[in-house]
Amino acid sequence: MINRELIRIKIVQLIYAYYQNGNKNMDNAEKELLFSLSKAYDLYNYLLLLIVAVTREERLRVEVGTNRAKREGTEPPSQRFAYNKFAIQLEENRMLNKFIEDQHLTWDDDIEVVRSLCNLIEQSEIYKEYMADADDSYETHREVWRRLYKQFFQENEDLDGVLEEKSLYWNDDKEVIDTFVLKTIKRFDPSNGQSQELLPEYKDDEDSEFAKRLFRATILNAEQYQRYMSESSRNWDFSRLAYMDIVIMQIAIAEMLNFPNIPVSVTINEYISLAKIYSTPRSASYINGMLDAIARNLIAEGRMMKPMIVPGPRRLKKEQADEEATDEDTEKVENRD
């Protein structure tokens, strides 16, 4: 689940913090990186548990409504959403239950958030359409939860605030983790029952090693990488660059030089995206030009054995797919209707 997109984000954050701290202990910084990534996996499970918590709250409401209907002799409420087939399978999932038991995760202390989500859901057109739908297939039950998650769990400021209070590490993680939750919902198969596999913390040891190797290479070779930047800055005053720009380019150079299977254009594209998030409005275009020049110089000097291709949209798409073949990055299509 922890993919290279998330790893790059964490490394940018922690390398920047590393240089800002007076006590530069690389071993401690690496432990902080790995702990930060593990907290992202906690968030993934915690958000899946939130679906379960909402479902259980809905059951309580149905129970109260049913008892009232018996007393008043009226029609009892429908149990369709409270006993949604996908939600039941998630609630019984062995991997999720083992994880929340080990980590002592619960939404009991934030029941108002759960109730607020229930209220939003019950008032929505998605919910009303689902409750009126005669189709009782598993796909219908699973799809309504995919739509509800996108509508009410993503970009929910109240939920984001609660999560940030629980862990500062989660402040920048949720947008990426949301895509993994949506991927998980889509992958659920009723035939797997309680044994449905959730996404593992890491796909394999290679991604875990990617994080450690990239982090250490960036720090250990900092002077060399900054010299490459200075030599390529030409008419720019290197000393006046935004410090975050230097950090981002330093990590990008480390990736270009130490990971031969990642195309140059993919690396440049990934760090341009990070510059748009973490640096100044003008940084992305400048970093694009700088990294392009640095990559060309490294190839010309024989320091990097990768072809320098300026890709068109089709080629870039293929190169990104090539990286994803060994690094199962976020399925961004999950985030679109």
# chains A, B, ... in the order shown; residues from 1 in each chain; ligands from 1

$ residues_around --residues "segment 270-282 of chain A" --least-positions-apart "5" --cutoff "8 Å" --atoms "only C-alpha atoms" --output "tab-separated table (two decimals) with C-alpha atoms, in the first residue's frame"
chain	number	residue	atom	x	y	z
A	5	GLU	CA	4.38	8.46	-4.46
A	9	ILE	CA	6.28	12.85	-0.18
A	242	ALA	CA	14.10	28.57	-2.12
A	244	MET	CA	12.70	23.58	-0.46
A	245	ASP	CA	13.62	23.74	-4.17
A	248	ILE	CA	13.42	18.58	-3.92
A	249	MET	CA	16.11	18.68	-6.62
A	252	ALA	CA	15.37	13.91	-7.55
A	287	ILE	CA	12.90	22.74	-11.18
A	288	ASN	CA	11.73	21.24	-14.47

$ residues_around --residues "segment 217-233 of chain A" --least-positions-apart "4" --cutoff "10 Å" --atoms "only C-alpha atoms" --output "NGL selection string"
:A and (11 or 15 or 18-19 or 26 or 212-213 or 237-239 or 241 or 246-255 or 257-258 or 286 or 289-298)

$ residues_around --residues "Glu197 of chain A" --least-positions-apart "3" --cutoff "12 Å" --atoms "only C-alpha atoms" --output "list of chain:residue names"
A:Met1, A:Gln89, A:Leu90, A:Glu92, A:Asn93, A:Arg94, A:Met95, A:Leu96, A:Asn97, A:Thr184, A:Ile185, A:Arg187, A:Phe188, A:Asp189, A:Pro190, A:Ser191, A:Asn192, A:Gly193, A:Gln194, A:Pro200, A:Glu201

$ write_last_selection --atoms "C-alpha atoms" --output "compact mmCIF listing (two decimals), in the first residue's frame"
# COMPACT_ATOMS: atom_id res chain seq x y z
CA MET A 1 0.00 0.00 0.00
CA GLN A 89 -17.83 -8.40 4.82
CA LEU A 90 -15.50 -5.53 5.78
CA GLU A 92 -15.80 -9.39 9.54
CA ASN A 93 -12.49 -9.04 7.71
CA ARG A 94 -9.75 -10.93 9.53
CA MET A 95 -6.88 -8.68 8.48
CA LEU A 96 -8.70 -5.53 9.56
CA ASN A 97 -9.82 -7.00 12.89
CA THR A 184 -9.79 -1.68 -1.54
CA ILE A 185 -13.56 -1.21 -1.79
CA ARG A 187 -11.40 -5.13 -4.97
CA PHE A 188 -13.68 -6.72 -2.40
CA ASP A 189 -15.10 -10.02 -3.65
CA PRO A 190 -17.93 -11.78 -1.77
CA SER A 191 -16.43 -15.18 -2.55
CA ASN A 192 -13.43 -14.31 -0.34
CA GLY A 193 -15.58 -13.80 2.75
CA GLN A 194 -13.62 -12.97 5.91
CA PRO A 200 -0.29 -4.98 2.57
CA GLU A 201 1.83 -2.29 4.21

$ atom_distance --atom1 "atom CA of Leu199 of chain A" --atom2 "atom CA of Arg216 of chain A"
26.8 Å

$ closest_atom_pairs --of "segment 67-130 of chain A" --to "segment 155-178 of chain A" --cutoff "10 Å" --atoms "only C-alpha atoms" --output "tab-separated table"
residue	atom	partner	partner_atom	distance
A:Asp110	CA	A:Val162	CA	8.2
A:Val113	CA	A:Leu159	CA	6.9
A:Val114	CA	A:Leu159	CA	9.3
A:Ser116	CA	A:Asp158	CA	9.4
A:Leu117	CA	A:Leu159	CA	9.1

$ closest_residue --among "A:Tyr127, A:Lys203, A:Ser283, A:Gly302" --to "Tyr243 of chain A" --atoms "only C-alpha atoms"
A:Ser283

$ atom_distance --atom1 "atom CA of Asn45 of chain A" --atom2 "atom CA of Val64 of chain A"
29.0 Å

$ closest_residue --among "A:Ile111, A:Ala53, A:Met305, A:Val144" --to "Ile126 of chain A" --atoms "only C-alpha atoms"
A:Val144

$ closest_residue --among "A:Glu139, A:Phe153, A:Asn261, A:Leu60" --to "Leu120 of chain A" --atoms "only C-alpha atoms"
A:Phe153

$ decode --residues "segment 98-111 of chain A" --atoms "all heavy atoms" --output "CSV table (one decimal), in the first residue's frame"
chain,number,residue,atom,x,y,z
A,98,LYS,N,-7.6,-8.0,13.0
A,98,LYS,CA,-6.3,-8.3,13.6
A,98,LYS,C,-5.5,-7.0,13.8
A,98,LYS,O,-4.9,-6.8,14.9
A,98,LYS,CB,-5.5,-9.3,12.8
A,98,LYS,CG,-4.1,-9.6,13.3
A,98,LYS,CD,-4.2,-10.4,14.6
A,98,LYS,CE,-2.9,-11.1,15.0
A,98,LYS,NZ,-1.8,-10.1,15.2
A,99,PHE,N,-5.6,-6.2,12.8
A,99,PHE,CA,-4.8,-4.9,12.9
A,99,PHE,C,-5.4,-4.0,13.9
A,99,PHE,O,-4.6,-3.4,14.7
A,99,PHE,CB,-4.8,-4.2,11.5
A,99,PHE,CG,-3.9,-3.0,11.4
A,99,PHE,CD1,-2.6,-3.2,11.0
A,99,PHE,CD2,-4.3,-1.8,11.8
A,99,PHE,CE1,-1.7,-2.2,11.0
A,99,PHE,CE2,-3.4,-0.7,11.8
A,99,PHE,CZ,-2.1,-0.9,11.3
A,100,ILE,N,-6.7,-3.8,14.0
A,100,ILE,CA,-7.3,-2.9,14.9
A,100,ILE,C,-7.1,-3.4,16.4
A,100,ILE,O,-7.0,-2.6,17.3
A,100,ILE,CB,-8.7,-2.5,14.6
A,100,ILE,CG1,-9.6,-3.8,14.6
A,100,ILE,CG2,-8.8,-1.9,13.2
A,100,ILE,CD1,-11.1,-3.5,14.3
A,101,GLU,N,-7.1,-4.7,16.5
A,101,GLU,CA,-6.9,-5.3,17.8
A,101,GLU,C,-5.5,-5.0,18.3
A,101,GLU,O,-5.2,-4.7,19.4
A,101,GLU,CB,-7.2,-6.8,17.8
A,101,GLU,CG,-7.0,-7.5,19.1
A,101,GLU,CD,-7.2,-9.0,19.0
A,101,GLU,OE1,-7.8,-9.5,18.0
A,101,GLU,OE2,-6.8,-9.7,20.0
A,102,ASP,N,-4.5,-5.2,17.4
A,102,ASP,CA,-3.1,-5.0,17.7
A,102,ASP,C,-2.8,-3.6,18.0
A,102,ASP,O,-2.0,-3.2,18.9
A,102,ASP,CB,-2.2,-5.5,16.6
A,102,ASP,CG,-2.2,-7.1,16.5
A,102,ASP,OD1,-2.7,-7.7,17.4
A,102,ASP,OD2,-1.8,-7.6,15.4
A,103,GLN,N,-3.4,-2.7,17.3
A,103,GLN,CA,-3.1,-1.2,17.4
A,103,GLN,C,-4.1,-0.5,18.3
A,103,GLN,O,-3.9,0.7,18.5
A,103,GLN,CB,-3.1,-0.6,16.0
A,103,GLN,CG,-2.1,-1.2,15.0
A,103,GLN,CD,-0.7,-1.0,15.4
A,103,GLN,OE1,-0.3,0.0,16.0
A,103,GLN,NE2,0.1,-2.0,15.2
A,104,HIS,N,-5.1,-1.2,18.8
A,104,HIS,CA,-6.1,-0.6,19.7
A,104,HIS,C,-6.8,0.6,19.0
A,104,HIS,O,-7.0,1.6,19.7
A,104,HIS,CB,-5.4,-0.2,21.0
A,104,HIS,CG,-4.7,-1.3,21.7
A,104,HIS,ND1,-5.3,-2.4,22.2
A,104,HIS,CD2,-3.3,-1.5,21.8
A,104,HIS,CE1,-4.3,-3.2,22.7
A,104,HIS,NE2,-3.1,-2.7,22.5
A,105,LEU,N,-7.2,0.4,17.8
A,105,LEU,CA,-7.9,1.5,17.1
A,105,LEU,C,-9.4,1.4,17.3
A,105,LEU,O,-10.0,0.3,17.3
A,105,LEU,CB,-7.6,1.3,15.6
A,105,LEU,CG,-6.2,1.5,15.1
A,105,LEU,CD1,-6.1,1.3,13.6
A,105,LEU,CD2,-5.6,2.9,15.5
A,106,THR,N,-10.0,2.5,17.5
A,106,THR,CA,-11.4,2.6,17.7
A,106,THR,C,-11.9,4.0,17.4
A,106,THR,O,-11.2,5.0,17.5
A,106,THR,CB,-11.8,2.3,19.1
A,106,THR,OG1,-13.2,2.4,19.3
A,106,THR,CG2,-11.1,3.2,20.1
A,107,TRP,N,-13.2,4.1,16.9
A,107,TRP,CA,-13.8,5.4,16.7
A,107,TRP,C,-14.8,5.7,17.9
A,107,TRP,O,-15.5,6.7,17.8
A,107,TRP,CB,-14.6,5.4,15.4
A,107,TRP,CG,-13.7,5.6,14.2
A,107,TRP,CD1,-13.2,4.6,13.4
A,107,TRP,CD2,-13.3,6.8,13.7
A,107,TRP,NE1,-12.4,5.2,12.5
A,107,TRP,CE2,-12.4,6.5,12.6
A,107,TRP,CE3,-13.5,8.1,14.0
A,107,TRP,CZ2,-11.8,7.5,11.8
A,107,TRP,CZ3,-12.9,9.1,13.3
A,107,TRP,CH2,-12.1,8.8,12.2
A,108,ASP,N,-14.7,5.0,18.9
A,108,ASP,CA,-15.7,5.2,20.1
A,108,ASP,C,-15.5,6.6,20.7
A,108,ASP,O,-16.5,7.2,21.1
A,108,ASP,CB,-15.5,4.1,21.1
A,108,ASP,CG,-15.9,2.8,20.7
A,108,ASP,OD1,-16.6,2.7,19.6
A,108,ASP,OD2,-15.6,1.8,21.4
A,109,ASP,N,-14.3,7.1,20.7
A,109,ASP,CA,-14.0,8.4,21.3
A,109,ASP,C,-14.4,9.6,20.4
A,109,ASP,O,-14.4,10.7,20.8
A,109,ASP,CB,-12.6,8.6,21.7
A,109,ASP,CG,-12.2,7.6,22.8
A,109,ASP,OD1,-13.0,7.2,23.6
A,109,ASP,OD2,-11.0,7.3,22.9
A,110,ASP,N,-14.8,9.3,19.2
A,110,ASP,CA,-15.2,10.3,18.2
A,110,ASP,C,-16.5,10.0,17.6
A,110,ASP,O,-16.7,10.1,16.4
A,110,ASP,CB,-14.1,10.4,17.1
A,110,ASP,CG,-12.8,10.9,17.7
A,110,ASP,OD1,-12.7,12.1,18.0
A,110,ASP,OD2,-11.8,10.1,17.7
A,111,ILE,N,-17.4,9.5,18.4
A,111,ILE,CA,-18.7,9.1,18.0
A,111,ILE,C,-19.5,10.2,17.3
A,111,ILE,O,-20.3,10.0,16.4
A,111,ILE,CB,-19.6,8.5,19.1
A,111,ILE,CG1,-20.8,7.8,18.6
A,111,ILE,CG2,-19.9,9.6,20.1
A,111,ILE,CD1,-20.5,6.6,17.7
